[in-house]
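Accompanying notes for the structure given below.
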Amino acid sequence: MEFLKELEGKRFHDRLNEIKMTTTTTTATPMKKRRSVWVSGPVIVGAGPSGLAVGACLQEKGISSVILERANCIASLWQLKTYDRLRLHLPKKFCELPLMPFPAHFPTYPMKQQFVSYLEDYAAKFNLNPQFNETVVSAEFDKTVGFWRVKTNGLKEDFEYICRWLIVATGENAEEVVPEIEGSDEFVGPIVHTSLYKSGKIYSGKKVLVVGCGNSGMEVCLDLCNYNAMPSLVVRDTVHVLPRELMGKSTFGLSMWLLKWLPVRIVDRLLLVLTWLILGNTSQIGLSRPDLGPLELKGITGKTPVLDVGTLAKIRAGDIKVYPSVKRLTRTSVEFIDGRMEDFDAIIMATGYKSNVPCWLKDKDLFSEKNGLPWKPFPNGWKGENGLYSVGFTKKGLLGSSMDARKIAQDIEEYWKADELKHLCTFTRHSQL
Ligand SMILES: Cc1cc2nc3c(=O)[nH]c(=O)nc-3n(C[C@H](O)[C@H](O)[C@H](O)COP(=O)(O)OP(=O)(O)OC[C@H]3O[C@@H](n4cnc5c(N)ncnc54)[C@H](O)[C@@H]3O)c2cc1C
């Protein structure tokens with residue numbers, strides 16, 4: 001079966017990843033020597049949009065940084081772990097990084113290839129050259145010397161970077177989350193995370209169960225329909241689905257504008273009334289709404305509303321079936337908690353990602369060990385003690401990354417200038433002696 005061959009090795013990708021993560025947290029193997037490198041500027045961990053944004057803001061202030069990236073390219077989430085049909089979910093004006101707008105000819109919702117080419121141009125413009133294939137396995141503040149010690153495992157060599165400033169930019173989506181489901185080992189078809197899903201081509205004619213109804217799960221279902229697969233969607237929780245555009249404006253842009261004048265609850269009401277006029281009652285098709293409105297819920301829990309790009313119409317047309325939680329898997333079928341049982345050829349886990357910061361950062365004051373996110377919510381989670389910073393952990397997408405990046409660069413610049421002044425004074429004193 002071609003379809004199964006292509007997916008061979010992708011099964012339980014997440015578990016393999018976890019193992020990779022734990023093996024990389026061990027110290028250097030006896031064969032490899034760890035070389036120490038002194039870095040006069042900040043060390044940035046992660047070359048995604050957030051790492052690049054802060055690197056560029058620093059560069060603009062004349063401060064060079066070292067960017068460490070475990071993958072072999074920038075923006076590895078976008079280049080290696082996303083599906084082909086992906087576009088930015090939000091309009092480009094809310095997604096551009098500091099100091100460089102998107103090209104004017106890009107569409108309102110750039111395609112992933114366009115976004116990646118923008119990031120490549122961005123890195124080139126600000127002369128950002130990340131050290132690829134270097135996984136940070138531990139970072140610890142050494143109180144005796146007053147510097148950070150950042151250990152990496154590389155392909156050929158392992159390093160220890162010693163620096164004054166450490167910027168965490170490893171993202172909210174560093175590791176795939178795959179929940180344990182009873183009977184997973186028994187199920188004969190492939191079970192893959194969305195990070196391995198490229199397009200519905202190989203699923204053509206197959207019955208596919210997509211577990212999870214966030215933006216990715218909904219979009220994967222739509223993509224499967226477009227390739228003549230037969231998708232079903234597991235909707236475990238309540239969910240806010242909003243149209244991507246309302247009254248000719250992006251729903252996100254309209255919400256931001258309304259929030260300038262009105263309290264969040266009123267804006268939520270307005271959004272839900274307009275949504276109802278366009279999408280109708282979603283609970284009739286198995287997608288019940290939470291009690292809290294979409295923006296209030298996002299503010300309290302960080303849960304992002306789903307922006308519909310056509311999946312609801314497919315559900316209404318019966319092209320996508322909706323099921324409740326999975327109870328267990330058997331060899332070829334899935335039993336749901338309402339007792340229904342259905343055969344499937346493959347399962348796609350659209351079950352999200354998590355931060356990996358607790359695996360390698362020894363400091364516990366800025367980031368929570370539980371979820372790997374800053375303890376303090378936006379806008380106060382960007383700075384810790386001893387020159388430690390976080391960028392891109394705001395639950396506010398690329399807009400949040402840009403805001404963090406500017407603040408961090410400004411903060412470091414103050415220390416940098418003070419240091420320069422100190423050196424200048426010392427130099428002048430010495431030359432006068
Ligand atoms: C499918 C999808 C669509 C999205 N669409 C939008 C959108 O339209 N608009 C928006 O604003 N936001 C969007 N987001 C949310 C967010 O903006 C993106 O996830 C964005 O990529 C976050 O950038 P980042 O640099 O913080 O994290 P990432 O892009 O995840 O980059 C982190 C980098 O750190 C590296 N790394 C991780 N651990 C280590 C380590 N131990 N050592 C070295 N390197 C490490 C990773 O390999 C990665 O390259 C989307 C997210 C997803 C998943």
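Residue names in the structure tokens use chain letters A, B, ... in the order shown, residue numbers from 1 in each chain, and ligand numbers from 1 in the order shown.
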Give the residues close to ligand 1, within 6 Å, counting only C-alpha atoms and all ligand atoms; write them as JSON, numbers by chain. {"A": [45, 46, 47, 48, 49, 50, 51, 68, 69, 70, 71, 74, 75, 76, 77, 82, 88, 89, 90, 95, 134, 135, 136, 137, 169, 170, 171, 173, 174, 216, 392, 397, 398, 399]}
Generate the output file for the selected residues, N, CA and C atoms, as a tab-separated table (two decimals), in the first residue's frame.
chain	number	residue	atom	x	y	z
A	45	VAL	N	18.27	31.98	21.64
A	45	VAL	CA	18.01	30.56	21.37
A	45	VAL	C	16.76	30.46	20.50
A	46	GLY	N	16.94	30.03	19.25
A	46	GLY	CA	15.81	29.87	18.32
A	46	GLY	C	15.87	30.89	17.20
A	47	ALA	N	15.81	30.38	15.95
A	47	ALA	CA	15.85	31.26	14.78
A	47	ALA	C	14.51	31.26	14.06
A	48	GLY	N	13.42	31.28	14.86
A	48	GLY	CA	12.10	31.48	14.27
A	48	GLY	C	11.87	32.98	14.12
A	49	PRO	N	10.66	33.39	13.75
A	49	PRO	CA	10.37	34.81	13.59
A	49	PRO	C	10.76	35.64	14.83
A	50	SER	N	10.52	35.10	16.04
A	50	SER	CA	10.81	35.87	17.26
A	50	SER	C	12.31	36.09	17.43
A	51	GLY	N	13.09	35.04	17.24
A	51	GLY	CA	14.55	35.15	17.38
A	51	GLY	C	15.12	36.12	16.36
A	68	LEU	N	21.30	30.66	18.09
A	68	LEU	CA	21.50	29.20	18.06
A	68	LEU	C	20.20	28.52	17.63
A	69	GLU	N	20.27	27.65	16.65
A	69	GLU	CA	19.06	27.02	16.11
A	69	GLU	C	19.29	25.52	15.95
A	70	ARG	N	18.36	24.74	16.48
A	70	ARG	CA	18.54	23.27	16.42
A	70	ARG	C	18.33	22.71	15.01
A	71	ALA	N	17.50	23.38	14.20
A	71	ALA	CA	17.22	22.87	12.85
A	71	ALA	C	18.30	23.36	11.88
A	74	ILE	N	16.24	28.67	9.05
A	74	ILE	CA	15.46	29.60	9.87
A	74	ILE	C	13.99	29.18	9.82
A	75	ALA	N	13.19	29.68	10.75
A	75	ALA	CA	11.74	29.44	10.77
A	75	ALA	C	11.40	27.97	10.50
A	76	SER	N	12.02	27.09	11.28
A	76	SER	CA	11.84	25.66	11.01
A	76	SER	C	10.39	25.21	11.17
A	77	LEU	N	9.65	25.87	12.07
A	77	LEU	CA	8.24	25.49	12.23
A	77	LEU	C	7.52	25.69	10.90
A	82	THR	N	4.77	22.50	8.66
A	82	THR	CA	3.42	22.98	8.33
A	82	THR	C	2.97	22.46	6.97
A	88	LEU	N	-0.80	32.80	6.27
A	88	LEU	CA	-0.92	33.48	7.56
A	88	LEU	C	-2.40	33.53	7.92
A	89	HIS	N	-2.71	33.29	9.18
A	89	HIS	CA	-4.11	33.32	9.60
A	89	HIS	C	-4.61	34.76	9.73
A	90	LEU	N	-3.66	35.65	10.03
A	90	LEU	CA	-4.03	37.05	10.24
A	90	LEU	C	-3.50	37.89	9.08
A	95	CYS	N	1.31	40.92	11.06
A	95	CYS	CA	2.30	39.85	11.17
A	95	CYS	C	3.71	40.28	10.80
A	134	GLU	N	22.42	23.33	16.03
A	134	GLU	CA	22.94	23.40	17.41
A	134	GLU	C	21.76	23.46	18.37
A	135	THR	N	21.56	22.38	19.09
A	135	THR	CA	20.45	22.30	20.04
A	135	THR	C	20.92	22.73	21.43
A	136	VAL	N	20.25	23.70	21.98
A	136	VAL	CA	20.60	24.11	23.34
A	136	VAL	C	20.06	23.05	24.30
A	137	VAL	N	20.96	22.46	25.07
A	137	VAL	CA	20.53	21.39	25.98
A	137	VAL	C	20.51	21.84	27.43
A	169	ALA	N	13.95	32.25	22.64
A	169	ALA	CA	13.05	32.46	21.49
A	169	ALA	C	12.70	31.11	20.87
A	170	THR	N	12.49	30.11	21.74
A	170	THR	CA	12.23	28.75	21.23
A	170	THR	C	10.76	28.50	20.92
A	171	GLY	N	9.91	29.46	21.22
A	171	GLY	CA	8.52	29.39	20.76
A	171	GLY	C	7.55	28.62	21.65
A	173	ASN	N	5.49	26.71	20.34
A	173	ASN	CA	5.15	25.51	19.55
A	173	ASN	C	6.38	24.63	19.31
A	174	ALA	N	7.23	24.49	20.32
A	174	ALA	CA	8.51	23.80	20.11
A	174	ALA	C	8.36	22.28	19.95
A	216	SER	N	-5.58	24.48	12.79
A	216	SER	CA	-4.92	23.45	11.96
A	216	SER	C	-5.86	22.29	11.65
A	392	GLY	N	8.26	36.07	22.23
A	392	GLY	CA	7.37	35.17	21.48
A	392	GLY	C	6.56	34.22	22.34
A	397	GLY	N	0.75	35.87	18.98
A	397	GLY	CA	1.29	35.69	17.64
A	397	GLY	C	2.47	36.60	17.35
A	398	LEU	N	2.63	36.91	16.07
A	398	LEU	CA	3.81	37.65	15.62
A	398	LEU	C	3.79	39.09	16.10
A	399	LEU	N	2.60	39.62	16.32
A	399	LEU	CA	2.48	40.97	16.86
A	399	LEU	C	3.12	41.02	18.25
Name the residues of range 30-61 of chain A that fall into strand (DSSP E) according to DSSP on the backbone, using the chain letters and numbers of this document, as a list of chain:residue names.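 Those residues are A:Arg34, A:Arg35, A:Ser36, A:Val37, A:Trp38, A:Val43, A:Ile44, A:Val45.
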As a ChimeraX atom specification, please: every residue in range 180-421 of chain A that a backbone DSSP assignment puts in helix (DSSP H, G or I). /A:194-196,200-203,215-226,251-261,264-279,282-285,294-301,311-316,357-360,397-421
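Across the structure, CA of Lys61 in chain A and CA of Asn386 in chain A are spaced 20.9 Å apart.
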